[in-house]
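Some notes on the structure that comes next.
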Protein chains: 2
Amino acid sequence: MQFYRALSRLSRNAFARRPLLPPPPPPHRIPPPFTKVLGFSEFYDGGSSSNYGIRHQHHNSSPIVEERLDPFSLVADELLVLANRLRDMVVAEVPKLASAAEYFFKFGVEGKRFRPTILLLMANALNVPMPRSVSGIHDEGDSLSLELRTRQQCIAEITEMIHVASLLHDDVLDDADTRRGVGSLNFVMGNKLAVLAGDFLLSRACVALASLKNTEVVSLLATVVEHLVTGETMQMTTSSEQRVSMEYYMQKTYYKTASLISNSCKAIALLAGQTADVATLAFDYGKNLGLAFQLIDDVLDFTGTSASLGKGSLSDIRHGIVTAPILFAIEEFPQLRSVVDKGFEDPANVEIALDYLGKSRGIQRARELASKHANLAAAAIDSLPESDDEDVLRSRRALVDLTQRVIMRTK
Amino acid sequence: MQFYRALSRLSRNAFARRPLLPPPPPPHRIPPPFTKVLGFSEFYDGGSSSNYGIRHQHHNSSPIVEERLDPFSLVADELLVLANRLRDMVVAEVPKLASAAEYFFKFGVEGKRFRPTILLLMANALNVPMPRSVSGIHDEGDSLSLELRTRQQCIAEITEMIHVASLLHDDVLDDADTRRGVGSLNFVMGNKLAVLAGDFLLSRACVALASLKNTEVVSLLATVVEHLVTGETMQMTTSSEQRVSMEYYMQKTYYKTASLISNSCKAIALLAGQTADVATLAFDYGKNLGLAFQLIDDVLDFTGTSASLGKGSLSDIRHGIVTAPILFAIEEFPQLRSVVDKGFEDPANVEIALDYLGKSRGIQRARELASKHANLAAAAIDSLPESDDEDVLRSRRALVDLTQRVIMRTK
């Protein structure tokens, strides 16, 4: 759930660290045909991806120009098309329901770019150029290509709808009164409308899924909804044993954070008619990126931007949620277990746990585990069938670059 | 939403009025193969169905034996199979989630028989016997028949899951603290688990739908979820104009009550490979039965069992929900409109509205409209392609019989 909100911060952060970077295209820009992207090769250097042995050619661009790349802008124009279509899809016969469902799409502009970004990059990365010869066949290839792209965009839209639906229901669950800085829908319009708007988005997602006429993909994304629910329930109903189990934690993290992006990456591959092996690589990328992301999120909850312990929001531990750094610390200091068992309603107990955490390698080991998953994600991209298509290679490099951004971020 | 809970009362009522009727089979009874049903022909007389010109032969059974029929028992054994499978389907990796989802299936035994009953009767009513000749082909027909039946049962299960999910979410919405006489799940376990359990059931329904590998059916039932949400939202966000519009009321009633049963009836027909015309008849049956049911429900909210005004629970009007009897009364007494506009928080206003209603033909016209829809439902069954299969005809008579039970009920 936290995944994309923080990825949003990550992206803004990436901009902030690169003062030479031109601003992103204005939102009113007329999008070009969506298989075209911004003549991006001038700006991209392959960056950290070369560490992962991606089989690509480096460009002869200057270091300064190289510095200006941003994976998010690679599909920026296409994202505008998606955003508009998403709005069209949540139009309902009941204006109030539509406005409720649209609520997040209006306010969540920043937060909603990342699932679609990853999925469109994955679509590019797996693109098998249609055979082109003369006249008629050329057109047919274009038309097939266009149809596939539209279906893959649909996956990105469905993924976004499932995500927003789960946010809406989470807000009800948590009695949250803010979300991304604006009043949460349940606060503004009541729990009733928030539950209904979530259900409405899920049903629209399901109708859109059905329109793809691919039952394997329907099944994949239906399972994601189940995973989101399972993960949330696992978190709220842990036994004492489960709370200190790394296996339980990783399973919950997969359900809550990684399942949506991994299964939708896989769906992108399946729609493209890729082999089961390639679909599994796409899945592995999403899964490991999601896990790495959440592990870093859990570290930052302790360290914040300052990288020193106790400077984060400490929101997890204060809500009694035990994450990777503490779990690793327990392995070094088994006596921390009894502190955890007492719960964290008493702030003094939080302090004791932080003391143990500070003495342990918990933070470091959580970071190492995040790196391991980031590397696995990059390796999955590296294992894709070779391609000499420049667009394909560029998107693969962007996907690999994302794995490094995820673990390098400090907020 | 009210549809099946009241149908449940209707069935118990039907039992109460027939003291000679044997008790239903005990729940631990081992179900026979599900295409067999209780040797029911001995007990069934065709009843009121003959009024609708169903082309069937009457049985040579005595009037006393005829009196013992009950459409609900026609598929009783098969329902036990379904109930067990439903329980299997809501088993989750998280025990608490499974127990939450199972909550209604445990307590709601009575309440959950009716959608499946109608759907299994519809499956029988549309059954096209597989061609049977000797040896191999005989087996193949049986196996195809069995496969189709399993898929149709799956529709009944999915329908039930969607229904229970909507009950769970309605309970959150209404802050209801009881449901069917037992504490509602949100009261017992909190809103959080009720929302999650509803989402979980929806996702399981979606996974089960996907397994049917029929995208038209997926789309139909996804649309139902949307309709349930739309109907609920229409009810909670009416403008002054909409509140007194019969068209708005009927549309809302379709969404909230009739869409689920009509679209699942249609799904039963589509799975059987029936023509679009037959699928439309199945849809029309469900739609009109649902509308008739809700209209009578709205009447009974005013009259209760006594058939005299003001003896019902008056629950709708006290919640500010304006239903058919009042809408018809406004047509006769336009000055009632200003009473409605004032709302019904003041009990005195309820009394004034009841006075107008008593002077008007509102109750009678709502009953007439219900009868009209019940007759349309029966006519849809009557318009099905002719059949001389005794099982088919028996189920068609049971479906027609249901249309009369719905409008004759007094509670």
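Chain labels A, B, ... are given in the sequence in which chains occur in the structure tokens; within each chain residues are numbered consecutively from 1, and ligands are likewise numbered from 1 in the order shown.
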With the cut-off set at 7 Å and counting only C-alpha atoms, tabulate each residue of chain B with an atom at most that distance from an atom of chain A, showing the nearest atom pair and its distance in Å to one decimal, ordered by chain and increasing number, as JSON lines.
{"residue": "B:Val94", "atom": "CA", "partner": "A:Met234", "partner_atom": "CA", "distance": 6.5}
{"residue": "B:Leu97", "atom": "CA", "partner": "A:Thr233", "partner_atom": "CA", "distance": 6.6}
{"residue": "B:Leu173", "atom": "CA", "partner": "A:Lys192", "partner_atom": "CA", "distance": 4.5}
{"residue": "B:Asn191", "atom": "CA", "partner": "A:Leu173", "partner_atom": "CA", "distance": 6.7}
{"residue": "B:Lys192", "atom": "CA", "partner": "A:Leu173", "partner_atom": "CA", "distance": 4.5}
{"residue": "B:Leu196", "atom": "CA", "partner": "A:Val229", "partner_atom": "CA", "distance": 5.8}
{"residue": "B:Asp199", "atom": "CA", "partner": "A:Val229", "partner_atom": "CA", "distance": 6.8}
{"residue": "B:Phe200", "atom": "CA", "partner": "A:Glu226", "partner_atom": "CA", "distance": 5.5}
{"residue": "B:Ser203", "atom": "CA", "partner": "A:Glu226", "partner_atom": "CA", "distance": 5.3}
{"residue": "B:Arg204", "atom": "CA", "partner": "A:Glu226", "partner_atom": "CA", "distance": 7.0}
{"residue": "B:Cys206", "atom": "CA", "partner": "A:Ala222", "partner_atom": "CA", "distance": 5.6}
{"residue": "B:Val207", "atom": "CA", "partner": "A:Ser219", "partner_atom": "CA", "distance": 5.3}
{"residue": "B:Ala210", "atom": "CA", "partner": "A:Ser219", "partner_atom": "CA", "distance": 5.3}
{"residue": "B:Lys213", "atom": "CA", "partner": "A:Thr215", "partner_atom": "CA", "distance": 5.5}
{"residue": "B:Thr215", "atom": "CA", "partner": "A:Ala210", "partner_atom": "CA", "distance": 5.4}
{"residue": "B:Val218", "atom": "CA", "partner": "A:Ala210", "partner_atom": "CA", "distance": 5.8}
{"residue": "B:Ser219", "atom": "CA", "partner": "A:Val207", "partner_atom": "CA", "distance": 5.2}
{"residue": "B:Ala222", "atom": "CA", "partner": "A:Ser203", "partner_atom": "CA", "distance": 5.4}
{"residue": "B:Thr223", "atom": "CA", "partner": "A:Val207", "partner_atom": "CA", "distance": 6.5}
{"residue": "B:Val225", "atom": "CA", "partner": "A:Ser203", "partner_atom": "CA", "distance": 5.7}
{"residue": "B:Glu226", "atom": "CA", "partner": "A:Ser203", "partner_atom": "CA", "distance": 5.3}
{"residue": "B:Val229", "atom": "CA", "partner": "A:Leu196", "partner_atom": "CA", "distance": 5.8}
{"residue": "B:Thr230", "atom": "CA", "partner": "A:Val94", "partner_atom": "CA", "distance": 6.7}
{"residue": "B:Thr233", "atom": "CA", "partner": "A:Leu97", "partner_atom": "CA", "distance": 6.7}
{"residue": "B:Met234", "atom": "CA", "partner": "A:Val94", "partner_atom": "CA", "distance": 6.6}
Do a neighbour search on Thr280 (chain A) at 12 Å with only C-alpha atoms, toss out local chain neighbours closer than 6 positions, and write the hits as a JSON list (two decimals) with C-alpha atoms, in the first residue's frame.
[["chain", "number", "residue", "atom", "x", "y", "z"],
["A", 262, "SER", "CA", 4.33, -8.58, -9.88],
["A", 263, "ASN", "CA", 1.10, -10.03, -11.19],
["A", 264, "SER", "CA", 0.34, -7.06, -13.37],
["A", 265, "CYS", "CA", 3.87, -7.24, -14.83],
["A", 266, "LYS", "CA", 3.14, -10.89, -15.58],
["A", 267, "ALA", "CA", -0.18, -9.93, -17.17],
["A", 268, "ILE", "CA", 1.67, -7.51, -19.48],
["A", 269, "ALA", "CA", 3.87, -10.41, -20.61],
["A", 270, "LEU", "CA", 0.96, -12.82, -21.08],
["A", 274, "GLN", "CA", 5.35, -14.21, -24.26],
["A", 286, "GLY", "CA", 7.76, -6.87, -10.05],
["A", 287, "LYS", "CA", 7.93, -9.08, -7.00],
["A", 288, "ASN", "CA", 11.53, -8.27, -6.11],
["A", 377, "ALA", "CA", 14.77, -7.71, -9.97],
["A", 380, "ALA", "CA", 15.24, -10.83, -14.08],
["A", 381, "ILE", "CA", 15.43, -8.03, -16.66],
["A", 383, "SER", "CA", 17.66, -12.64, -18.21],
["A", 384, "LEU", "CA", 15.07, -11.56, -20.78]]
Inset, instruction - Just the alpha helix (DSSP H) stuff from region 219-377 of chain B, please, per backbone DSSP, written as a PyMOL selection string. - result: chain B and resi 219-236+240-243+246-253+259-271+276-303+315-318+324-332+336-342+347-359+362-377
